[in-house]
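Chemist: Right, I'll just put the structure down here and ask away after.
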Amino acid sequence: MNNSWMVFQGLVLIKINPLWSVSVEGREKIKRKQEYVIISNHQSILDIVAFNIIRHRLRWVSKIEVFKVPLLGWSMKMAKYIALERGNKHSVAHMMEKCVESLNDRVSVVIFPEGTRSLTGRIGKFKTGAFQLALKTGKPILPVVLDGTGDILPKKGIIFRNRRAVRLRVLDPVFPADFGTNDPEVLAERLQKLMSDNLDDIRK
């Protein structure tokens, strides 16, 4: 199964549910032939489905538990998405290797730098893995701010809520020449603030 099929599945799921609307702003900023280290805030397991609206060739990095979800997990395995077991150093190292391989194959990778879904909808502190990856590979960082999925299916929730709008905003890609630092902690702090400010703006 390739990424095109995953995108198709995601778009079908979005379209067939008349009670959810998903919109994207800034999709034109994504260059089809450019691979990115894509970072996104994380509100719900549905983020992976909604994200398909950007229609870019990519692989997700996701905690290993998500791969056990019926249908979604099977599809993710078939699409060669990258599993991560949190707290396992060997798993982290393997994840980074797979991300480098994906980028070398000209396939973008998506990482949730918060590491877990937000309970409040606010953006939490960013971990440094995505920024280490960008520094190591010299690939641009593409920030995407997402809002609304947590209203449909929140963390620890089991009931889908209806009549919700999901919005994605693609920010300007940040190329290595504009990083201004070789410190992943500094990059993480800068991007966290940028994305938090944009989330506030989306919600106005």
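Letters for chains follow the order of the structure tokens (A, B, ...), residue numbers begin at 1 for each chain, and ligand numbers begin at 1 in the order shown.
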Quick one: residues within 10 Å of A:Leu168, only C-alpha atoms, excluding same-chain residues fewer than 5 positions away - as a list in words?
Modeler: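 Here the qualifying residues turn out to be Val22, Ser23, Val24, Glu25, Gly26, Arg27, Ser40, Asp47, Ala50, Phe51, Ile53, Ile54, Val144, Val145, Leu146, Asp147, Gly148, Leu199 and Ile202 of chain A.
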Chemist: Quick one: residues within 8 Å of A:Leu133, only C-alpha atoms counted, chain neighbours fewer than 5 positions away excluded, as a list in words?
Modeler: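 What passes the distance filter is Val37, Met96, Cys99 and Val100 of chain A.
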Chemist: So which one's closest to A:Asp105, A:Arg57, A:Lys125, A:Arg203, A:Arg117? Using only C-alpha atoms, please.
Modeler: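 With only C-alpha atoms as the atom set, the closest residue is A:Arg57.
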Chemist: Please list as an MDAnalysis selection string every residue within 12 Å of A:Asp200, counting only C-alpha atoms and excluding residues in the same chain fewer than 4 positions away.
Modeler: chainID A and resid 121:123 145:147 169 193:196 204
Chemist: Please save N, CA and C atoms of the selected residues as a short mmCIF file (atom, residue, chain, number, x, y, z; two decimals), in the first residue's frame.
Modeler:
```cif
data_model
loop_
_atom_site.label_atom_id
_atom_site.label_comp_id
_atom_site.auth_asym_id
_atom_site.auth_seq_id
_atom_site.Cartn_x
_atom_site.Cartn_y
_atom_site.Cartn_z
N GLY A 121 -5.82 21.04 24.35
CA GLY A 121 -5.86 21.66 23.04
C GLY A 121 -4.72 22.65 22.83
N ARG A 122 -4.07 23.05 23.92
CA ARG A 122 -2.91 23.94 23.82
C ARG A 122 -1.69 23.13 23.37
N ILE A 123 -0.70 23.81 22.84
CA ILE A 123 0.52 23.14 22.37
C ILE A 123 1.51 23.01 23.52
N VAL A 145 -0.13 23.63 11.67
CA VAL A 145 -0.94 23.80 12.88
C VAL A 145 -2.32 23.24 12.62
N LEU A 146 -2.77 22.41 13.53
CA LEU A 146 -4.05 21.70 13.38
C LEU A 146 -4.94 22.01 14.56
N ASP A 147 -6.23 22.19 14.30
CA ASP A 147 -7.17 22.46 15.40
C ASP A 147 -8.54 21.84 15.09
N ARG A 169 -3.45 24.74 9.16
CA ARG A 169 -2.74 25.87 8.58
C ARG A 169 -1.29 25.47 8.33
N LYS A 193 6.83 28.28 19.78
CA LYS A 193 6.21 29.60 19.93
C LYS A 193 5.49 30.02 18.65
N LEU A 194 6.14 29.79 17.50
CA LEU A 194 5.53 30.13 16.22
C LEU A 194 4.20 29.42 16.04
N MET A 195 4.18 28.13 16.33
CA MET A 195 2.96 27.35 16.13
C MET A 195 1.90 27.69 17.17
N SER A 196 2.31 27.98 18.39
CA SER A 196 1.35 28.38 19.43
C SER A 196 0.68 29.69 19.07
N LYS A 204 -9.25 32.69 16.81
CA LYS A 204 -9.89 34.00 17.01
C LYS A 204 -11.24 34.06 16.31
#
```
Chemist: Between A:Gly124, A:Pro70, A:Gly87, A:Gly129, single out the one closest to A:Glu185, counting only C-alpha atoms.
Modeler: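 Distance minimum relative to A:Glu185 lands on A:Gly129.
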